[in-house]
Amino acid sequence: MGLLDILSVGSSGLRTRRVRAALSVLGITIGVAALVGILGLSQSGSADLMKDLDALGTNLLTVQAGDGFRSQQASLSSDAAAMINRITPVYEVSATTKIAGGVFLNDLIQDGRTKGITIVAADLNLLRTQRGSLKSGKFLDEMTSEYPFVVLGSVAAERLGIRNTSGNHKIWLKEKWFMVIGILEPLPLAADLDRSAIIGYPAAEKFLEIDEPPEIIYVRAYPEHIRDVRSIMAATVSPENPEEVQVGRASDVLEARIAASDAFLNLFIGLGAVALLVGTIGIANVMVIAVIERRNEIGLRRALGATKFHIASQFLTESLLLSTLGGITGVIMGMLVTAGYAVFREWSIVIPVYAISGGILCSILIGGIAGFYPAMRAANVSPTEALRTR
Amino acid sequence: MVNIENRSSEYALELQEINKVYEGPPIVKALSDVSLTVNHGELLGIIGSSGSGKTTLLHIMGTLSTPSSGSISIDGTNVVGMSDKQLSGVRSRKIGFVFQEFFLLPGFSALENVANGLLYSGIPSEERMERAFEMLRTVGLGERGDHLPNELSGGEQQRVAVARALVHKPSFVLADEPTGNLDSENTASLMALLTTLNEGGTTVILITHDLEVAKSAQRRITLRDGRVDSDLSR
Ligand SMILES: Nc1ncnc2c1ncn2[C@@H]1O[C@H](COP(=O)(O)OP(=O)(O)OP(=O)(O)O)[C@@H](O)[C@H]1O
Ligand SMILES: [Mg+2]
């Protein structure tokens, strides 16, 4: 018997019982689809997170005043930035200060709804510190920071309905007109800034009459020294009350998200595995029934000269075909789900080859396991017993 | 010197002192000391009442079950003690079966069902189909090759089964109540077919409890309680 004969004989039982074949394969399909989908999605998702993390660096510290033992909210001293700059491995320091006040599209509608946009005064190197980029226009520079110019965070611009800087949009910012000269792309390391309208310290002083100490200072230090820098940061900023200074690593949030998505991944791999187990039992069950139902066929084939091996390979082939069919449809479904979701989330589509080949291999293995016992049983039915009708 | 290549000097089938005991409980002695020989080209009818051991004998003749004692030779070769694989080989080359229930495979066309008679004999697919088509024509169903079993009448289905049993040119055909599921008209035409095939040289061993059917056979063996009661030739 050639391979074609084996496939033809092995598929005959499926061809005559299509609905049952399709149903029995569902468990494998769902299990494989879940695994491929989850592996694909987590890859697409955490691939983006990892890419972010690589690009953004893990060496950005945020320094801010925490709750002190004093009842009042503590604040950083105005020369905090300068003091941080003196730490040798630090190579970039950028201060920001939140300014109370509303931001509106014009001076007519001021019903107290601020659209949740905060005004932030910032140093000129803020964008560099964040390794951020501009969607449109420019960031503040020596000149523009002296005048009523504003750069909008990505969310702030969206809420104000400003898409680009070509229209010379003016916004009503704390009762003053400011011109929008730049719009930022999202800043994953400082999501707060996405919802802010950023102006220069000189402009804040000149037009809003605000001169407050920095609130959050962003610090870049050489990655190999980041631990050391972090450990001396509080004492550097506030020698008397170091416990009032909060120092954080901006990338921790991203890493937590990666860890969370890994935990999620493991959970779903577990669920997929359970679906596969159920699918295996389903196929084994259908095969046992097939062997019982097709006793006469077994007897006939033995009379025609089939050996035990022929009979076993027929049922094993049938089981392998079933499970592989389930595996292939599962892989296709999983890929479609992944692609669909990745497109929806604007992720890059990453379907790892090991998910596809693993899904198929897994289903073949399952077919072998599920089909083994029924095939042995079929092979060992005595021909005379199998030919008996009842 | 005996020329062992000369088939005509051998029996198609030779049974010596065959006993078959089904180890119960209860223990059933289905065959007792059955000895008989079948020549090439014979049409042998085996008759006997229900439970007399006809099917048991047929299964032993067809190597589907082994006797408790005794020896069987097919075309001069002793098959007792052969492995399951060797016996399968003997069946695929030497023996054709026709069953009361036809046993055509439902998903396969008439032509494919006939070709299945060659499936385990190592013949390539194309030749199987050609020979199956020839055989189907011989049994008068050349036009019905594409039909599925459930598109054929009972009589036609049994003709397809006969074609399947003959397609590998076996040494003999074993037919167990082949007319058992047919009406009288189809019984007559199936018997006519078997007689014609026998006249063409095919050895046929026909098991039946229908005396009318057995009349077609030149030689009749009667079984009673697992023993050969009579062996009569016309
Ligand atoms: N597998 C078995 N185990 C035990 N006893 C069996 C078995 N097969 C057949 N027998 C017994 O052996 C005897 C002969 O049975 P067999 O089937 O050969 O009869 P038969 O002549 O073919 O009858 P029928 O005309 O009804 O088909 C019967 O008594 C039967 O009950
Ligand atoms: Mg019987």
# chains A, B, ... in the order shown; residues from 1 in each chain; ligands from 1

call {"tool": "residues_around", "arguments": {"residues": "Phe104 (chain A)", "least_positions_apart": "2", "cutoff": "7 Å", "atoms": "only C-alpha atoms", "output": "NGL selection string"}}
result
:A and (102 or 106 or 114 or 171-173)

call {"tool": "write_last_selection", "arguments": {"atoms": "all heavy atoms", "output": "PDB file, in the first residue's frame"}}
result
ATOM      1  N   GLY A 102      -6.908  76.761  33.709  1.00  0.00           N
ATOM      2  CA  GLY A 102      -7.594  76.009  32.672  1.00  0.00           C
ATOM      3  C   GLY A 102      -7.018  76.281  31.290  1.00  0.00           C
ATOM      4  O   GLY A 102      -6.402  77.307  31.043  1.00  0.00           O
ATOM      5  N   ASN A 106     -11.056  78.852  23.252  1.00  0.00           N
ATOM      6  CA  ASN A 106     -11.235  80.301  23.080  1.00  0.00           C
ATOM      7  C   ASN A 106     -11.658  80.926  24.393  1.00  0.00           C
ATOM      8  O   ASN A 106     -11.860  80.234  25.386  1.00  0.00           O
ATOM      9  CB  ASN A 106     -12.245  80.576  21.957  1.00  0.00           C
ATOM     10  CG  ASN A 106     -13.579  79.894  22.242  1.00  0.00           C
ATOM     11  OD1 ASN A 106     -14.141  80.065  23.326  1.00  0.00           O
ATOM     12  ND2 ASN A 106     -14.062  79.096  21.297  1.00  0.00           N
ATOM     13  N   THR A 114     -12.354  71.949  32.181  1.00  0.00           N
ATOM     14  CA  THR A 114     -10.990  72.219  31.723  1.00  0.00           C
ATOM     15  C   THR A 114     -10.484  71.180  30.730  1.00  0.00           C
ATOM     16  O   THR A 114      -9.355  71.229  30.312  1.00  0.00           O
ATOM     17  CB  THR A 114     -10.031  72.238  32.921  1.00  0.00           C
ATOM     18  OG1 THR A 114     -10.121  70.958  33.542  1.00  0.00           O
ATOM     19  CG2 THR A 114     -10.401  73.306  33.910  1.00  0.00           C
ATOM     20  N   ILE A 171      -4.690  79.119  21.806  1.00  0.00           N
ATOM     21  CA  ILE A 171      -5.555  78.571  22.850  1.00  0.00           C
ATOM     22  C   ILE A 171      -5.571  79.528  24.041  1.00  0.00           C
ATOM     23  O   ILE A 171      -4.656  80.331  24.236  1.00  0.00           O
ATOM     24  CB  ILE A 171      -5.107  77.159  23.294  1.00  0.00           C
ATOM     25  CG1 ILE A 171      -3.661  77.164  23.782  1.00  0.00           C
ATOM     26  CG2 ILE A 171      -5.286  76.161  22.164  1.00  0.00           C
ATOM     27  CD1 ILE A 171      -3.244  75.867  24.415  1.00  0.00           C
ATOM     28  N   TRP A 172      -6.636  79.486  24.775  1.00  0.00           N
ATOM     29  CA  TRP A 172      -6.880  80.372  25.930  1.00  0.00           C
ATOM     30  C   TRP A 172      -6.366  79.647  27.156  1.00  0.00           C
ATOM     31  O   TRP A 172      -7.010  78.754  27.686  1.00  0.00           O
ATOM     32  CB  TRP A 172      -8.374  80.669  26.010  1.00  0.00           C
ATOM     33  CG  TRP A 172      -8.803  81.714  26.987  1.00  0.00           C
ATOM     34  CD1 TRP A 172      -9.655  81.523  28.042  1.00  0.00           C
ATOM     35  CD2 TRP A 172      -8.471  83.090  26.990  1.00  0.00           C
ATOM     36  NE1 TRP A 172      -9.867  82.692  28.709  1.00  0.00           N
ATOM     37  CE2 TRP A 172      -9.142  83.689  28.079  1.00  0.00           C
ATOM     38  CE3 TRP A 172      -7.660  83.910  26.176  1.00  0.00           C
ATOM     39  CZ2 TRP A 172      -9.037  85.053  28.392  1.00  0.00           C
ATOM     40  CZ3 TRP A 172      -7.564  85.259  26.492  1.00  0.00           C
ATOM     41  CH2 TRP A 172      -8.240  85.814  27.591  1.00  0.00           C
ATOM     42  N   LEU A 173      -5.175  80.025  27.592  1.00  0.00           N
ATOM     43  CA  LEU A 173      -4.460  79.286  28.624  1.00  0.00           C
ATOM     44  C   LEU A 173      -4.302  80.198  29.825  1.00  0.00           C
ATOM     45  O   LEU A 173      -3.625  81.228  29.741  1.00  0.00           O
ATOM     46  CB  LEU A 173      -3.101  78.861  28.045  1.00  0.00           C
ATOM     47  CG  LEU A 173      -2.184  77.932  28.831  1.00  0.00           C
ATOM     48  CD1 LEU A 173      -1.338  77.113  27.860  1.00  0.00           C
ATOM     49  CD2 LEU A 173      -1.297  78.681  29.805  1.00  0.00           C
TER      50      LEU A 173
END

call {"tool": "closest_atom_pairs", "arguments": {"of": "chain A", "to": "ligand 1", "cutoff": "12 Å", "atoms": "only C-alpha atoms and all ligand atoms", "output": "tab-separated table"}}
result
residue	atom	partner	partner_atom_place_in_ligand_line	distance
A:Ser382	CA	ligand 1	1 (N)	9.8
A:Pro383	CA	ligand 1	1 (N)	10.7
A:Thr384	CA	ligand 1	1 (N)	7.6
A:Glu385	CA	ligand 1	1 (N)	6.8
A:Ala386	CA	ligand 1	1 (N)	10.5
A:Leu387	CA	ligand 1	1 (N)	10.9
A:Arg388	CA	ligand 1	8 (N)	9.0
A:Thr389	CA	ligand 1	27 (O)	10.8

call {"tool": "atom_distance", "arguments": {"atom1": "CA of Arg93 (chain B)", "atom2": "CA of Val160 (chain B)"}}
result
18.7 Å

call {"tool": "residues_near_ligand", "arguments": {"ligand": "ligand 2", "cutoff": "12 Å", "atoms": "only C-alpha atoms and all ligand atoms", "output": "PyMOL selection string"}}
result
(chain A and resi 384+387-389) or (chain B and resi 30+46-59+99-101+175-178+180+206-209+223)

call {"tool": "interface_residues", "arguments": {"of": "chain A", "to": "chain B", "cutoff": "10 Å", "atoms": "only C-alpha atoms", "output": "NGL selection string"}}
result
:A and (1-2 or 4-5 or 9 or 12-17 or 294 or 296-297 or 299-310 or 382-385 or 387-389)

call {"tool": "atom_distance", "arguments": {"atom1": "CA of His40 (chain B)", "atom2": "CA of Leu193 (chain B)"}}
result
18.0 Å

call {"tool": "select_by_dssp", "arguments": {"residues": "region 61-155 of chain A", "states": "strand (DSSP E)", "output": "ChimeraX atom specification"}}
result
/A:61-65,90-99,103-104,118-122,134-137,149-152

call {"tool": "write_last_selection", "arguments": {"atoms": "C-alpha atoms", "output": "tab-separated table (two decimals), in the first residue's frame"}}
result
chain	number	residue	atom	x	y	z
A	61	LEU	CA	14.56	58.64	36.98
A	62	THR	CA	11.72	60.80	38.17
A	63	VAL	CA	12.31	62.90	41.25
A	64	GLN	CA	9.42	64.53	43.06
A	65	ALA	CA	8.40	65.68	46.49
A	90	VAL	CA	23.88	62.21	35.50
A	91	TYR	CA	23.92	63.62	32.00
A	92	GLU	CA	20.53	65.22	31.60
A	93	VAL	CA	18.18	66.95	34.00
A	94	SER	CA	14.86	68.45	33.07
A	95	ALA	CA	12.49	70.10	35.51
A	96	THR	CA	8.74	70.53	35.19
A	97	THR	CA	6.24	72.46	37.27
A	98	LYS	CA	2.47	72.12	37.20
A	99	ILE	CA	0.61	75.40	37.01
A	103	VAL	CA	-6.89	75.48	29.02
A	104	PHE	CA	-9.61	76.32	26.47
A	118	THR	CA	-2.84	70.66	32.92
A	119	ILE	CA	-0.46	73.53	32.30
A	120	VAL	CA	3.15	72.55	32.76
A	121	ALA	CA	6.21	74.78	32.70
A	122	ALA	CA	9.20	72.82	31.50
A	134	LEU	CA	6.94	65.61	17.69
A	135	LYS	CA	3.87	64.85	15.68
A	136	SER	CA	3.86	68.33	14.29
A	137	GLY	CA	5.73	71.64	14.66
A	149	PHE	CA	3.97	79.76	22.84
A	150	VAL	CA	2.75	76.33	23.86
A	151	VAL	CA	3.49	72.73	22.94
A	152	LEU	CA	0.63	70.26	23.43

call {"tool": "select_by_dssp", "arguments": {"residues": "region 119-204 of chain B", "states": "helix (DSSP H, G or I)", "output": "ChimeraX atom specification"}}
result
/B:119-121,125-138,142-144,149-151,154-166,184-199

call {"tool": "residues_around", "arguments": {"residues": "Arg159 (chain A)", "least_positions_apart": "4", "cutoff": "12 Å", "atoms": "only C-alpha atoms", "output": "ChimeraX atom specification"}}
result
/A:103-105,113-117,152-155,163,194-197

call {"tool": "atom_distance", "arguments": {"atom1": "CA of Thr129 (chain A)", "atom2": "CA of Leu60 (chain A)"}}
result
7.7 Å

call {"tool": "decode", "arguments": {"residues": "region 32-45 of chain B", "atoms": "C-alpha atoms", "output": "PDB file, in the first residue's frame"}}
result
ATOM      1  CA  SER B  32     -15.280 -32.737  14.773  1.00  0.00           C
ATOM      2  CA  ASP B  33     -12.771 -34.533  12.548  1.00  0.00           C
ATOM      3  CA  VAL B  34     -13.708 -32.766   9.346  1.00  0.00           C
ATOM      4  CA  SER B  35     -11.629 -33.987   6.433  1.00  0.00           C
ATOM      5  CA  LEU B  36     -12.301 -33.007   2.853  1.00  0.00           C
ATOM      6  CA  THR B  37     -10.580 -31.978  -0.332  1.00  0.00           C
ATOM      7  CA  VAL B  38     -11.664 -29.473  -2.950  1.00  0.00           C
ATOM      8  CA  ASN B  39     -10.377 -29.690  -6.512  1.00  0.00           C
ATOM      9  CA  HIS B  40      -9.668 -26.711  -8.710  1.00  0.00           C
ATOM     10  CA  GLY B  41     -12.709 -25.821 -10.734  1.00  0.00           C
ATOM     11  CA  GLU B  42     -15.210 -27.439  -8.393  1.00  0.00           C
ATOM     12  CA  LEU B  43     -18.519 -25.961  -7.298  1.00  0.00           C
ATOM     13  CA  LEU B  44     -18.991 -27.362  -3.819  1.00  0.00           C
ATOM     14  CA  GLY B  45     -22.081 -26.825  -1.750  1.00  0.00           C
TER      15      GLY B  45
END
